[in-house]
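So this block is final-v3.pdb, PDB, C-alpha atoms and all ligand atoms:
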```
ATOM      1  CA  PRO A  56       5.883   8.281 -20.200  1.00  0.00           C
ATOM      2  CA  ARG A  57       7.243   7.441 -16.784  1.00  0.00           C
ATOM      3  CA  PRO A  58       5.984   4.528 -14.727  1.00  0.00           C
ATOM      4  CA  ILE A  59       4.718   4.541 -11.165  1.00  0.00           C
ATOM      5  CA  LEU A  60       5.151   1.145  -9.521  1.00  0.00           C
ATOM      6  CA  LEU A  61       2.768   0.413  -6.661  1.00  0.00           C
ATOM      7  CA  THR A  62       3.300  -2.505  -4.307  1.00  0.00           C
ATOM      8  CA  ARG A  63       2.372  -3.662  -0.838  1.00  0.00           C
ATOM      9  CA  HIS A  64       5.220  -4.667   1.483  1.00  0.00           C
ATOM     10  CA  GLY A  65       6.278  -8.315   1.550  1.00  0.00           C
ATOM     11  CA  GLU A  66       4.158 -10.546   3.776  1.00  0.00           C
ATOM     12  CA  SER A  67       4.500  -9.493   7.419  1.00  0.00           C
ATOM     13  CA  GLN A  68       4.337 -11.526  10.644  1.00  0.00           C
ATOM     14  CA  ASP A  69       0.946  -9.890  11.271  1.00  0.00           C
ATOM     15  CA  ASN A  70      -0.277 -10.916   7.804  1.00  0.00           C
ATOM     16  CA  VAL A  71       0.623 -14.512   8.696  1.00  0.00           C
ATOM     17  CA  ARG A  72      -1.398 -14.292  11.930  1.00  0.00           C
ATOM     18  CA  GLY A  73      -4.267 -12.352  10.335  1.00  0.00           C
ATOM     19  CA  ARG A  74      -3.740  -9.329  12.602  1.00  0.00           C
ATOM     20  CA  ILE A  75      -4.493  -5.843  11.279  1.00  0.00           C
ATOM     21  CA  GLY A  76      -2.251  -2.806  11.713  1.00  0.00           C
ATOM     22  CA  GLY A  77       0.801  -3.256  13.934  1.00  0.00           C
ATOM     23  CA  ASP A  78       4.424  -2.775  12.991  1.00  0.00           C
ATOM     24  CA  THR A  79       5.878  -6.271  12.622  1.00  0.00           C
ATOM     25  CA  ALA A  80       8.797  -7.369  10.465  1.00  0.00           C
ATOM     26  CA  ILE A  81       8.385  -9.351   7.258  1.00  0.00           C
ATOM     27  CA  SER A  82       8.191 -13.164   7.114  1.00  0.00           C
ATOM     28  CA  GLU A  83      10.515 -15.428   5.128  1.00  0.00           C
ATOM     29  CA  ALA A  84       8.118 -15.255   2.168  1.00  0.00           C
ATOM     30  CA  GLY A  85       8.120 -11.472   2.570  1.00  0.00           C
ATOM     31  CA  GLN A  86      11.915 -11.413   2.448  1.00  0.00           C
ATOM     32  CA  LEU A  87      11.891 -13.493  -0.710  1.00  0.00           C
ATOM     33  CA  TYR A  88       9.466 -10.995  -2.273  1.00  0.00           C
ATOM     34  CA  ALA A  89      11.757  -8.124  -1.249  1.00  0.00           C
ATOM     35  CA  LYS A  90      14.590  -9.762  -3.197  1.00  0.00           C
ATOM     36  CA  LYS A  91      12.430 -10.415  -6.252  1.00  0.00           C
ATOM     37  CA  LEU A  92      11.142  -6.845  -6.133  1.00  0.00           C
ATOM     38  CA  ALA A  93      14.703  -5.472  -5.963  1.00  0.00           C
ATOM     39  CA  ASN A  94      15.613  -7.597  -8.963  1.00  0.00           C
ATOM     40  CA  PHE A  95      12.570  -6.367 -10.905  1.00  0.00           C
ATOM     41  CA  VAL A  96      13.165  -2.713 -10.029  1.00  0.00           C
ATOM     42  CA  GLY A  97      16.861  -3.021 -10.889  1.00  0.00           C
ATOM     43  CA  LYS A  98      15.995  -4.244 -14.396  1.00  0.00           C
ATOM     44  CA  ARG A  99      12.916  -2.098 -15.005  1.00  0.00           C
ATOM     45  CA  LEU A 100      14.536   1.169 -13.867  1.00  0.00           C
ATOM     46  CA  LYS A 101      18.108   0.413 -14.949  1.00  0.00           C
ATOM     47  CA  SER A 102      18.707   3.630 -16.894  1.00  0.00           C
ATOM     48  CA  GLU A 103      16.415   5.798 -14.764  1.00  0.00           C
ATOM     49  CA  ARG A 104      18.910   7.802 -12.760  1.00  0.00           C
ATOM     50  CA  ALA A 105      16.344  10.081 -11.111  1.00  0.00           C
ATOM     51  CA  ALA A 106      13.977   7.350  -9.922  1.00  0.00           C
ATOM     52  CA  SER A 107      13.149   7.073  -6.214  1.00  0.00           C
ATOM     53  CA  ILE A 108      11.684   4.577  -3.752  1.00  0.00           C
ATOM     54  CA  TRP A 109       8.942   5.777  -1.415  1.00  0.00           C
ATOM     55  CA  THR A 110       7.947   3.793   1.684  1.00  0.00           C
ATOM     56  CA  SER A 111       5.803   4.353   4.754  1.00  0.00           C
ATOM     57  CA  THR A 112       7.434   4.756   8.176  1.00  0.00           C
ATOM     58  CA  LEU A 113       6.476   1.186   9.160  1.00  0.00           C
ATOM     59  CA  GLN A 114       9.230  -1.397   9.186  1.00  0.00           C
ATOM     60  CA  ARG A 115       7.484  -3.861   6.877  1.00  0.00           C
ATOM     61  CA  THR A 116       7.775  -1.393   3.966  1.00  0.00           C
ATOM     62  CA  ILE A 117      11.299  -0.273   4.907  1.00  0.00           C
ATOM     63  CA  LEU A 118      12.468  -3.903   5.090  1.00  0.00           C
ATOM     64  CA  THR A 119      10.813  -4.626   1.748  1.00  0.00           C
ATOM     65  CA  ALA A 120      12.740  -1.731   0.188  1.00  0.00           C
ATOM     66  CA  SER A 121      16.057  -2.664   1.777  1.00  0.00           C
ATOM     67  CA  PRO A 122      17.416  -5.000  -0.975  1.00  0.00           C
ATOM     68  CA  ILE A 123      16.813  -2.260  -3.582  1.00  0.00           C
ATOM     69  CA  VAL A 124      20.086  -0.434  -4.208  1.00  0.00           C
ATOM     70  CA  GLY A 125      21.085   2.579  -6.256  1.00  0.00           C
ATOM     71  CA  PHE A 126      18.008   4.774  -5.711  1.00  0.00           C
ATOM     72  CA  PRO A 127      17.183   7.265  -2.978  1.00  0.00           C
ATOM     73  CA  LYS A 128      14.573   6.140  -0.444  1.00  0.00           C
ATOM     74  CA  ILE A 129      12.040   8.469   1.119  1.00  0.00           C
ATOM     75  CA  GLN A 130       9.782   7.659   4.095  1.00  0.00           C
ATOM     76  CA  TRP A 131       6.298   9.214   4.211  1.00  0.00           C
ATOM     77  CA  ARG A 132       4.066   9.029   7.275  1.00  0.00           C
ATOM     78  CA  ALA A 133       1.177   9.678   4.878  1.00  0.00           C
ATOM     79  CA  LEU A 134       1.893   6.252   3.339  1.00  0.00           C
ATOM     80  CA  ASP A 135       1.369   4.428   6.678  1.00  0.00           C
ATOM     81  CA  GLU A 136      -1.502   1.913   6.776  1.00  0.00           C
ATOM     82  CA  ILE A 137      -5.014   2.955   7.824  1.00  0.00           C
ATOM     83  CA  ASN A 138      -4.985   3.478  11.592  1.00  0.00           C
ATOM     84  CA  ALA A 139      -7.308   0.850  13.080  1.00  0.00           C
ATOM     85  CA  GLY A 140      -7.375   2.685  16.465  1.00  0.00           C
ATOM     86  CA  VAL A 141      -8.675   0.466  19.261  1.00  0.00           C
ATOM     87  CA  CYS A 142      -8.775  -2.495  16.839  1.00  0.00           C
ATOM     88  CA  ASP A 143      -5.069  -2.301  15.977  1.00  0.00           C
ATOM     89  CA  GLY A 144      -3.481  -5.732  16.438  1.00  0.00           C
ATOM     90  CA  MET A 145      -6.790  -7.637  16.366  1.00  0.00           C
ATOM     91  CA  THR A 146      -7.969 -10.214  13.816  1.00  0.00           C
ATOM     92  CA  TYR A 147     -11.264  -9.634  11.963  1.00  0.00           C
ATOM     93  CA  GLU A 148     -12.680 -12.598  13.932  1.00  0.00           C
ATOM     94  CA  GLU A 149     -11.777 -10.943  17.247  1.00  0.00           C
ATOM     95  CA  ILE A 150     -13.400  -7.679  16.183  1.00  0.00           C
ATOM     96  CA  LYS A 151     -16.551  -9.557  15.135  1.00  0.00           C
ATOM     97  CA  LYS A 152     -16.680 -11.393  18.471  1.00  0.00           C
ATOM     98  CA  ASN A 153     -15.639  -8.638  20.887  1.00  0.00           C
ATOM     99  CA  MET A 154     -16.980  -5.527  19.129  1.00  0.00           C
ATOM    100  CA  PRO A 155     -19.884  -6.755  16.961  1.00  0.00           C
ATOM    101  CA  GLU A 156     -21.386  -3.266  16.497  1.00  0.00           C
ATOM    102  CA  GLU A 157     -18.089  -1.931  15.164  1.00  0.00           C
ATOM    103  CA  TYR A 158     -17.764  -4.912  12.866  1.00  0.00           C
ATOM    104  CA  GLU A 159     -21.282  -4.393  11.487  1.00  0.00           C
ATOM    105  CA  SER A 160     -20.935  -0.637  10.977  1.00  0.00           C
ATOM    106  CA  ARG A 161     -17.727  -1.136   9.041  1.00  0.00           C
ATOM    107  CA  LYS A 162     -19.350  -3.805   6.901  1.00  0.00           C
ATOM    108  CA  LYS A 163     -22.276  -1.465   6.153  1.00  0.00           C
ATOM    109  CA  ASP A 164     -20.166   1.516   5.083  1.00  0.00           C
ATOM    110  CA  LYS A 165     -16.508   0.633   4.805  1.00  0.00           C
ATOM    111  CA  LEU A 166     -15.647   3.898   3.061  1.00  0.00           C
ATOM    112  CA  ARG A 167     -16.969   6.179   5.818  1.00  0.00           C
ATOM    113  CA  TYR A 168     -16.530   3.935   8.861  1.00  0.00           C
ATOM    114  CA  ARG A 169     -13.917   5.364  11.222  1.00  0.00           C
ATOM    115  CA  TYR A 170     -12.258   3.011  13.737  1.00  0.00           C
ATOM    116  CA  PRO A 171     -12.623   4.393  17.293  1.00  0.00           C
ATOM    117  CA  ARG A 172      -9.478   6.534  17.836  1.00  0.00           C
ATOM    118  CA  GLY A 173      -8.418   5.609  14.304  1.00  0.00           C
ATOM    119  CA  GLU A 174      -9.176   6.423  10.700  1.00  0.00           C
ATOM    120  CA  SER A 175     -11.668   5.835   7.910  1.00  0.00           C
ATOM    121  CA  TYR A 176     -10.904   5.318   4.231  1.00  0.00           C
ATOM    122  CA  LEU A 177     -12.022   8.914   3.695  1.00  0.00           C
ATOM    123  CA  ASP A 178      -9.415  10.033   6.242  1.00  0.00           C
ATOM    124  CA  VAL A 179      -6.740   8.041   4.398  1.00  0.00           C
ATOM    125  CA  ILE A 180      -7.766   9.514   1.041  1.00  0.00           C
ATOM    126  CA  GLN A 181      -7.489  13.016   2.495  1.00  0.00           C
ATOM    127  CA  ARG A 182      -4.040  12.528   4.015  1.00  0.00           C
ATOM    128  CA  LEU A 183      -2.749  11.150   0.699  1.00  0.00           C
ATOM    129  CA  GLU A 184      -3.258  14.477  -1.048  1.00  0.00           C
ATOM    130  CA  PRO A 185       0.339  15.736  -0.581  1.00  0.00           C
ATOM    131  CA  VAL A 186       1.693  12.377  -1.775  1.00  0.00           C
ATOM    132  CA  ILE A 187      -0.452  12.579  -4.922  1.00  0.00           C
ATOM    133  CA  ILE A 188       0.629  16.162  -5.593  1.00  0.00           C
ATOM    134  CA  GLU A 189       4.274  15.110  -5.298  1.00  0.00           C
ATOM    135  CA  LEU A 190       3.724  12.023  -7.489  1.00  0.00           C
ATOM    136  CA  GLU A 191       2.142  14.219 -10.163  1.00  0.00           C
ATOM    137  CA  ARG A 192       5.091  16.605  -9.975  1.00  0.00           C
ATOM    138  CA  GLN A 193       7.758  13.916 -10.392  1.00  0.00           C
ATOM    139  CA  ARG A 194       9.167  13.505 -13.860  1.00  0.00           C
ATOM    140  CA  ALA A 195      11.094  10.336 -12.974  1.00  0.00           C
ATOM    141  CA  PRO A 196       9.698   6.904 -12.057  1.00  0.00           C
ATOM    142  CA  VAL A 197       8.628   6.257  -8.467  1.00  0.00           C
ATOM    143  CA  VAL A 198       8.289   2.931  -6.652  1.00  0.00           C
ATOM    144  CA  VAL A 199       5.697   3.217  -3.877  1.00  0.00           C
ATOM    145  CA  ILE A 200       5.941   0.486  -1.223  1.00  0.00           C
ATOM    146  CA  SER A 201       2.960   0.862   1.077  1.00  0.00           C
ATOM    147  CA  HIS A 202      -0.102  -0.916   2.458  1.00  0.00           C
ATOM    148  CA  GLN A 203      -3.420  -2.357   1.343  1.00  0.00           C
ATOM    149  CA  ALA A 204      -5.831   0.481   2.231  1.00  0.00           C
ATOM    150  CA  VAL A 205      -3.425   3.242   1.168  1.00  0.00           C
ATOM    151  CA  LEU A 206      -2.666   1.570  -2.167  1.00  0.00           C
ATOM    152  CA  ARG A 207      -6.380   1.091  -2.855  1.00  0.00           C
ATOM    153  CA  ALA A 208      -6.777   4.853  -2.539  1.00  0.00           C
ATOM    154  CA  LEU A 209      -3.691   5.705  -4.602  1.00  0.00           C
ATOM    155  CA  TYR A 210      -4.598   3.215  -7.300  1.00  0.00           C
ATOM    156  CA  ALA A 211      -8.162   4.527  -7.503  1.00  0.00           C
ATOM    157  CA  TYR A 212      -6.843   8.029  -8.045  1.00  0.00           C
ATOM    158  CA  PHE A 213      -4.657   7.042 -11.010  1.00  0.00           C
ATOM    159  CA  ALA A 214      -7.069   4.471 -12.462  1.00  0.00           C
ATOM    160  CA  ASP A 215      -9.968   6.911 -12.036  1.00  0.00           C
ATOM    161  CA  ARG A 216     -12.111   4.532 -10.025  1.00  0.00           C
ATOM    162  CA  PRO A 217     -15.169   5.788  -8.088  1.00  0.00           C
ATOM    163  CA  LEU A 218     -14.873   6.584  -4.394  1.00  0.00           C
ATOM    164  CA  LYS A 219     -17.341   3.897  -3.309  1.00  0.00           C
ATOM    165  CA  GLU A 220     -15.240   1.133  -4.893  1.00  0.00           C
ATOM    166  CA  ILE A 221     -12.010   2.088  -3.109  1.00  0.00           C
ATOM    167  CA  PRO A 222     -12.320  -0.106   0.033  1.00  0.00           C
ATOM    168  CA  HIS A 223     -12.997  -3.160  -2.147  1.00  0.00           C
ATOM    169  CA  ILE A 224     -10.298  -2.875  -4.830  1.00  0.00           C
ATOM    170  CA  GLU A 225      -8.084  -5.935  -5.025  1.00  0.00           C
ATOM    171  CA  VAL A 226      -4.468  -5.170  -4.159  1.00  0.00           C
ATOM    172  CA  PRO A 227      -2.875  -8.552  -3.468  1.00  0.00           C
ATOM    173  CA  LEU A 228       0.457  -9.152  -1.735  1.00  0.00           C
ATOM    174  CA  HIS A 229       3.588  -9.851  -3.802  1.00  0.00           C
ATOM    175  CA  THR A 230       2.231  -8.134  -6.910  1.00  0.00           C
ATOM    176  CA  ILE A 231       3.485  -4.984  -8.634  1.00  0.00           C
ATOM    177  CA  ILE A 232       0.951  -2.664 -10.234  1.00  0.00           C
ATOM    178  CA  GLU A 233       2.674  -0.592 -12.897  1.00  0.00           C
ATOM    179  CA  ILE A 234       0.909   2.582 -13.948  1.00  0.00           C
ATOM    180  CA  GLN A 235       2.036   4.459 -17.043  1.00  0.00           C
ATOM    181  CA  MET A 236       0.849   7.983 -17.510  1.00  0.00           C
ATOM    182  CA  GLY A 237       0.991   8.853 -21.170  1.00  0.00           C
ATOM    183  CA  VAL A 238      -0.644  11.438 -23.415  1.00  0.00           C
ATOM    184  CA  THR A 239      -3.404   8.981 -24.298  1.00  0.00           C
ATOM    185  CA  GLY A 240      -4.283   8.290 -20.679  1.00  0.00           C
ATOM    186  CA  VAL A 241      -3.346   5.763 -18.066  1.00  0.00           C
ATOM    187  CA  GLN A 242      -2.182   2.224 -18.780  1.00  0.00           C
ATOM    188  CA  GLU A 243      -1.844  -0.517 -16.231  1.00  0.00           C
ATOM    189  CA  LYS A 244       0.116  -3.763 -15.945  1.00  0.00           C
ATOM    190  CA  ARG A 245       0.235  -6.190 -13.034  1.00  0.00           C
ATOM    191  CA  TYR A 246       3.231  -8.393 -12.281  1.00  0.00           C
ATOM    192  CA  LYS A 247       2.641 -11.229  -9.833  1.00  0.00           C
ATOM    193  CA  LEU A 248       6.133 -12.097  -8.601  1.00  0.00           C
ATOM    194  CA  MET A 249       5.107 -14.888  -6.232  1.00  0.00           C
ATOM    195  CA  ASP A 250       2.127 -17.201  -5.552  1.00  0.00           C
TER     196      ASP A 250
HETATM  197  O1  LIG A 301      -4.459  -6.989   6.793  1.00  0.00           O
HETATM  198  C1  LIG A 301      -3.517  -6.135   6.238  1.00  0.00           C
HETATM  199  C2  LIG A 301      -4.007  -4.694   6.291  1.00  0.00           C
HETATM  200  O2  LIG A 301      -3.043  -3.891   5.680  1.00  0.00           O
HETATM  201  C3  LIG A 301      -4.304  -4.181   7.711  1.00  0.00           C
HETATM  202  O3  LIG A 301      -3.168  -3.679   8.380  1.00  0.00           O
HETATM  203  C4  LIG A 301      -5.343  -3.136   7.436  1.00  0.00           C
HETATM  204  O4  LIG A 301      -6.116  -2.794   8.568  1.00  0.00           O
HETATM  205  C5  LIG A 301      -6.157  -3.803   6.355  1.00  0.00           C
HETATM  206  O5  LIG A 301      -5.245  -4.558   5.589  1.00  0.00           O
HETATM  207  C6  LIG A 301      -6.925  -2.854   5.450  1.00  0.00           C
HETATM  208  O6  LIG A 301      -7.816  -3.598   4.638  1.00  0.00           O
HETATM  209  P1  LIG A 301      -9.370  -3.584   4.983  1.00  0.00           P
HETATM  210  O7  LIG A 301      -9.783  -2.138   4.848  1.00  0.00           O
HETATM  211  O8  LIG A 301      -9.970  -4.455   3.909  1.00  0.00           O
HETATM  212  O9  LIG A 301      -9.585  -4.093   6.360  1.00  0.00           O
END
```

Here is a file; write its structure as structure tokens.
Ligand code: F6P
Amino acid sequence: PRPILLTRHGESQDNVRGRIGGDTAISEAGQLYAKKLANFVGKRLKSERAASIWTSTLQRTILTASPIVGFPKIQWRALDEINAGVCDGMTYEEIKKNMPEEYESRKKDKLRYRYPRGESYLDVIQRLEPVIIELERQRAPVVVISHQAVLRALYAYFADRPLKEIPHIEVPLHTIIEIQMGVTGVQEKRYKLMD
């Protein structure tokens, strides 16, 4: 069985400020995670010559991958974070204050709610289809470095979790979710590399 390792990028400047979306660099804590991740991947996939590292096109995932050496890296636009449209760059507090109707509609139906000029979780799930097809096709391990909403959807696919749960699945920062696909089904391990 070959593992798929799922992880969010290291903490970003926007994470520190509580801003959603954006394309900021990673913080000092994020850089430390990137090093720990590279160390983990180096050991875990030592003899896996065909393994590859998949990131989004946003710099926080590319920077998180950068200390990993010895494996090819592939950027997928389909792995970019949910597009928050007009709310991109705002904090949840700002959305609640300045666009209360949007805030309430998202709270009521987070799965179907689409940000104005942006995406819904259902949109994200749909655009992930080619990534999932390619992940299924791979015979070698893959490390996926992506974002909260995207990883909720990917994880739900492999862990066979119902659609309605997807927007609420816990995918914390600085934690690797290892998924093993064997003949007897899917096994999962979580490695928290930092507090
Ligand atoms: O806050 C980090 C982040 O990745 C944002 O960029 C994104 O909008 C959000 O998480 C997705 O999580 P939720 O759907 O819970 O708002």

For the structure provided, state which residues fall under the PyMOL selection byres (((chain A and resi 221) around 10) and not hetatm), and present them as a list in words.
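When the PyMOL selection byres (((chain A and resi 221) around 10) and not hetatm) is applied, the selected residues are Lys165, Leu166, Tyr176, Leu177, Ile180, Ala204, Val205, Leu206, Arg207, Ala208, Leu209, Tyr210, Ala211, Tyr212, Arg216, Pro217, Leu218, Lys219, Glu220, Pro222, His223, Ile224 and Glu225 of chain A.
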
Each side padded by 8 Å, which centre and which edge lengths in Å (one decimal) define the axis-aligned box around the listed atoms of ligand LIG 301 (chain A)? Give them as AutoDock Vina command-line options.
```
--center_x -6.5 --center_y -4.6 --center_z 6.2 --size_x 22.9 --size_y 20.9 --size_z 20.7
```

Show me which residues sit within 10 Å of ligand LIG 301 (chain A) when counting only C-alpha atoms and all ligand atoms, and put them as a PyMOL selection string.
chain A and resi 63-64+66-67+69-78+135-140+142-147+161-162+165-166+168+170+174-176+201-207+221-226+228

Using all atoms listed in the file, find each residue in range 59-109 of chain A having at least one atom no more than 7 Å away from range 231-239 of chain A; report its shortest atom-to-atom pair and that distance in Å (one decimal), rows by chain then rising number, as a Markdown table.
```
| residue | atom | partner | partner_atom | distance |
| --- | --- | --- | --- | --- |
| A:Ile59 | CA | A:Ile234 | CA | 5.1 |
| A:Leu60 | CA | A:Glu233 | CA | 4.5 |
| A:Leu61 | CA | A:Ile232 | CA | 5.1 |
| A:Thr62 | CA | A:Ile231 | CA | 5.0 |
```

Mind writing the picked residues with C-alpha atoms as a PDB file, in the coordinates of the input?
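The resulting file, selection-v4.pdb, is shown below:
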```pdb
ATOM      1  CA  ILE A  59       4.718   4.541 -11.165  1.00  0.00           C
ATOM      2  CA  LEU A  60       5.151   1.145  -9.521  1.00  0.00           C
ATOM      3  CA  LEU A  61       2.768   0.413  -6.661  1.00  0.00           C
ATOM      4  CA  THR A  62       3.300  -2.505  -4.307  1.00  0.00           C
TER       5      THR A  62
END
```

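Distances here use all atoms listed in the file; by that measure, the residue among A:Asp164, A:Arg169, A:Arg99, A:Gly65 closest to Leu118 in chain A is A:Gly65.
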
Please identify all polymer residues within 12 Å of range 188-190 of chain A, counting all atoms listed in the file, omitting same-chain residues fewer than 4 positions from it, and present them as a list in words.
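Result of the neighbour search: Arg57, Pro58, Ile59, Leu60, Leu61, Ala106, Ser107, Ile108, Trp109, Trp131, Ala133, Gln181, Arg182, Leu183, Glu184, Arg194, Ala195, Pro196, Val197, Val198, Val199, Leu209, Tyr212, Phe213, Ile234 and Met236 of chain A.
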
Taking (15.3, -5.1, -7.7) in the file's coordinates as the center, which residues reach within 10 Å of it, counting all atoms listed in the file, put as a ChimeraX atom specification?
/A:88-101,120-125

By how many Å are CA of Lys163 in chain A and CA of Lys151 in chain A apart?
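Atom-to-atom, CA of Lys163 in chain A to CA of Lys151 in chain A, that is 13.4 Å.
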
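Rounded to one decimal, CA of His229 in chain A and CA of Arg132 in chain A lie 21.9 Å from each other.
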
Compare A:Arg172, A:Thr79, A:Ile150, A:Val186 by their minimum atom-to-atom distance to Gln130 in chain A, counting all atoms listed in the file, and give me the closest one.
A:Val186

Just how far from CA of Ser111 in chain A is CA of Asp178 in chain A, in Å to one decimal?
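Going from CA of Asp178 in chain A over to CA of Ser111 in chain A covers 16.3 Å.
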
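Closest approach to Ile117 in chain A from the set A:Asp250, A:Gln193, A:Ile200, A:Lys152 is made by A:Ile200, with distances taken over only C-alpha atoms.
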
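Of the residues listed (A:Ser160, A:Gln68, A:Thr119, A:Thr110), A:Thr119 shows the shortest atom-to-atom separation from Gln86 in chain A; distances use only C-alpha atoms.
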